[in-house]
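Working notes, beginning with the structure itself.
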Amino acid sequence: QVRLVESGGGLVQAGGSLTLSCKVSGIILSEFWSNTMAWYRQAPGKQRELVASITDGITNYADSVKGRFTISKNNGRRTVYLQMNSLNVEDSAVYYCNMDRNTGPVWGQGTQVTSSS
């Protein structure tokens, strides 16, 4: 069974940094290499939105996080990271890791990020 487990969330002051991790298990390395991995977030009362994705080393970011967030992937560790700098109050949300498989998307349980002013 494929599982995605996020970690690294927490409370940080505005202007601070956090790094989220998403550990993937139950998958062979070649599939992890090829699948698109992404981070989404959902704030209270809002729809879930795409924050960043990575496919074959090509990254994509939401306009609201460009220049502040960086997505990366360690294939050997089957882990995806989201480095978040210059956090602001609007970045507060539950962050979810996502893997786009041929059989359909797989989601993690989410990790809370709160940035206080």
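Quick note on naming: the chains in the structure tokens go A, B, ... in the order shown, residues restart at 1 in each chain, and ligands are numbered from 1 in order of appearance.
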Worksheet item: What are the DSSP alpha helix (DSSP H) residues of stretch 2-52 of chain A, as a ChimeraX atom specification?
Response: /A:29-34
Discussion item. I'd like to know which residues of chain A are strand (DSSP E or B) (by DSSP, run on the backbone); could you write them as an MDAnalysis selection string?
Written reply: chainID A and resid 3:7 10:13 18:25 36:42 49:55 58:61 69:74 79:84 93:101 104:107 111:116
Excluding same-chain residues fewer than 2 positions from A:Gly26, what lies within 9 Å of it counting only C-alpha atoms, as a PDB file with N, CA, C and O atoms, in the first residue's frame?
ATOM      1  N   GLN A   1       0.846  -1.196   0.000  1.00  0.00           N
ATOM      2  CA  GLN A   1       0.000   0.000   0.000  1.00  0.00           C
ATOM      3  C   GLN A   1       0.879   1.242   0.000  1.00  0.00           C
ATOM      4  O   GLN A   1       1.791   1.368   0.807  1.00  0.00           O
ATOM      5  N   VAL A   2       0.561   2.161  -0.890  1.00  0.00           N
ATOM      6  CA  VAL A   2       1.333   3.392  -0.988  1.00  0.00           C
ATOM      7  C   VAL A   2       0.883   4.355   0.100  1.00  0.00           C
ATOM      8  O   VAL A   2      -0.307   4.569   0.299  1.00  0.00           O
ATOM      9  N   ARG A   3       1.849   4.935   0.805  1.00  0.00           N
ATOM     10  CA  ARG A   3       1.541   5.911   1.851  1.00  0.00           C
ATOM     11  C   ARG A   3       2.412   7.144   1.688  1.00  0.00           C
ATOM     12  O   ARG A   3       3.589   7.042   1.325  1.00  0.00           O
ATOM     13  N   VAL A  24       7.493   8.924   1.134  1.00  0.00           N
ATOM     14  CA  VAL A  24       6.645   8.007   0.378  1.00  0.00           C
ATOM     15  C   VAL A  24       7.115   6.575   0.634  1.00  0.00           C
ATOM     16  O   VAL A  24       8.307   6.281   0.554  1.00  0.00           O
ATOM     17  N   ILE A  28       7.952   1.409  -5.760  1.00  0.00           N
ATOM     18  CA  ILE A  28       9.294   1.137  -6.267  1.00  0.00           C
ATOM     19  C   ILE A  28       9.951   2.431  -6.723  1.00  0.00           C
ATOM     20  O   ILE A  28       9.279   3.405  -7.083  1.00  0.00           O
TER      21      ILE A  28
END
Worksheet item: Counting only C-alpha atoms, what is within 10 Å of A:Gln13, bar same-chain residues fewer than 3 positions away, as an MDAnalysis selection string?
Response: chainID A and resid 16:17 86:89 114:117
Could you write out that same residue set with N, CA and C atoms as a PDB file, in the first residue's frame?
ATOM      1  N   GLY A  16       9.481  34.112   9.003  1.00  0.00           N
ATOM      2  CA  GLY A  16      10.271  32.929   9.314  1.00  0.00           C
ATOM      3  C   GLY A  16      10.240  31.874   8.218  1.00  0.00           C
ATOM      4  N   SER A  17      10.875  30.734   8.515  1.00  0.00           N
ATOM      5  CA  SER A  17      10.997  29.657   7.540  1.00  0.00           C
ATOM      6  C   SER A  17      10.609  28.317   8.151  1.00  0.00           C
ATOM      7  N   SER A  86      10.250  33.384   4.180  1.00  0.00           N
ATOM      8  CA  SER A  86       9.472  34.633   4.240  1.00  0.00           C
ATOM      9  C   SER A  86       7.983  34.340   4.386  1.00  0.00           C
ATOM     10  N   LEU A  87       7.668  33.474   5.316  1.00  0.00           N
ATOM     11  CA  LEU A  87       6.264  33.098   5.510  1.00  0.00           C
ATOM     12  C   LEU A  87       5.452  34.294   5.985  1.00  0.00           C
ATOM     13  N   ASN A  88       4.211  34.369   5.519  1.00  0.00           N
ATOM     14  CA  ASN A  88       3.302  35.403   5.991  1.00  0.00           C
ATOM     15  C   ASN A  88       1.995  34.750   6.460  1.00  0.00           C
ATOM     16  N   VAL A  89       1.136  35.578   7.033  1.00  0.00           N
ATOM     17  CA  VAL A  89      -0.095  35.061   7.628  1.00  0.00           C
ATOM     18  C   VAL A  89      -0.938  34.317   6.592  1.00  0.00           C
ATOM     19  N   THR A 114       1.247  27.363  10.554  1.00  0.00           N
ATOM     20  CA  THR A 114       0.640  28.594  11.041  1.00  0.00           C
ATOM     21  C   THR A 114       1.709  29.663  11.154  1.00  0.00           C
ATOM     22  N   SER A 115       1.473  30.770  10.469  1.00  0.00           N
ATOM     23  CA  SER A 115       2.380  31.903  10.537  1.00  0.00           C
ATOM     24  C   SER A 115       1.666  33.041  11.238  1.00  0.00           C
ATOM     25  N   SER A 116       2.249  33.531  12.314  1.00  0.00           N
ATOM     26  CA  SER A 116       1.604  34.572  13.112  1.00  0.00           C
ATOM     27  C   SER A 116       2.285  35.917  12.900  1.00  0.00           C
ATOM     28  N   SER A 117       1.490  36.958  12.965  1.00  0.00           N
ATOM     29  CA  SER A 117       2.037  38.314  12.767  1.00  0.00           C
ATOM     30  C   SER A 117       2.594  38.868  14.057  1.00  0.00           C
TER      31      SER A 117
END
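The residue that comes closest to A:Glu90, out of A:Thr36, A:Ser30, A:Ser64, A:Thr103 and on the basis of only C-alpha atoms, is A:Ser64.
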Fill in: Between atom CA of A:Tyr95 and atom CA of A:Gly67 - distance in Å to one decimal
18.3 Å
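If only C-alpha atoms are the atoms counted, then among A:Val65, A:Cys22, A:Arg77, A:Val12 the closest residue to A:Glu49 is A:Val65.
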Could you list, as an mmCIF file with N, CA, C and O atoms, in the first residue's frame, every residue within 7 Å of A:Ser7, counting only C-alpha atoms and ignoring same-chain residues fewer than 5 positions away?
data_model
loop_
_atom_site.group_PDB
_atom_site.id
_atom_site.type_symbol
_atom_site.label_atom_id
_atom_site.label_comp_id
_atom_site.auth_asym_id
_atom_site.auth_seq_id
_atom_site.Cartn_x
_atom_site.Cartn_y
_atom_site.Cartn_z
ATOM 1 N N LEU A 20 8.947 21.474 4.984
ATOM 2 C CA LEU A 20 8.062 20.319 5.057
ATOM 3 C C LEU A 20 8.705 19.137 4.339
ATOM 4 O O LEU A 20 9.402 19.317 3.334
ATOM 5 N N SER A 21 8.442 17.957 4.861
ATOM 6 C CA SER A 21 8.915 16.722 4.231
ATOM 7 C C SER A 21 7.738 15.809 3.964
ATOM 8 O O SER A 21 6.769 15.795 4.725
ATOM 9 N N CYS A 22 7.840 15.034 2.897
ATOM 10 C CA CYS A 22 6.815 14.047 2.546
ATOM 11 C C CYS A 22 7.532 12.750 2.213
ATOM 12 O O CYS A 22 8.201 12.644 1.175
ATOM 13 N N THR A 111 -0.247 18.459 7.116
ATOM 14 C CA THR A 111 0.476 19.006 8.264
ATOM 15 C C THR A 111 0.144 20.490 8.369
ATOM 16 O O THR A 111 0.113 21.199 7.363
#
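For the choices A:Ala52, A:Leu11, A:Gly76, A:Ile71, the atom-to-atom distance to A:Leu29 is smallest for A:Gly76 when using only C-alpha atoms.
Candidate residues A:Val113, A:Gly104, A:Thr55, A:Ala93 were compared for distance to A:Trp33, and the nearest is A:Thr55, using only C-alpha atoms.
Across the model, the gap from atom CA of A:Lys73 to atom CA of A:Pro44 is 28.1 Å.
Shortest atom-to-atom contact with A:Gln42 among A:Asp63, A:Glu6, A:Asp56, A:Asp91: A:Asp91, counting only C-alpha atoms.
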Worksheet item: So which residues touch A:Thr70 within 8 Å, counting only C-alpha atoms, skipping near sequence neighbours fewer than 5 positions away, as a PyMOL selection string?
Response: chain A and resi 52+81-84
Take the residues from that selection and write them out as a compact mmCIF listing (two decimals), in the first residue's frame, keeping N, CA and C atoms.
# COMPACT_ATOMS: atom_id res chain seq x y z
N ALA A 52 3.00 23.92 -5.25
CA ALA A 52 4.18 23.64 -6.05
C ALA A 52 4.15 22.20 -6.52
N TYR A 81 10.40 17.59 -0.57
CA TYR A 81 10.52 18.66 0.41
C TYR A 81 9.85 19.94 -0.11
N LEU A 82 9.44 20.77 0.83
CA LEU A 82 8.99 22.11 0.48
C LEU A 82 9.66 23.08 1.45
N GLN A 83 10.65 23.80 0.95
CA GLN A 83 11.31 24.82 1.74
C GLN A 83 10.51 26.11 1.62
N MET A 84 10.08 26.65 2.76
CA MET A 84 9.24 27.84 2.75
C MET A 84 9.94 28.96 3.51
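Between atom CA of A:Thr59 and atom CA of A:Thr79 the interatomic distance comes to 15.4 Å.
The shortest atom-to-atom distance to A:Gly8, with only C-alpha atoms taken into account, belongs to A:Lys23 out of A:Glu31, A:Asn74, A:Asn60, A:Lys23.
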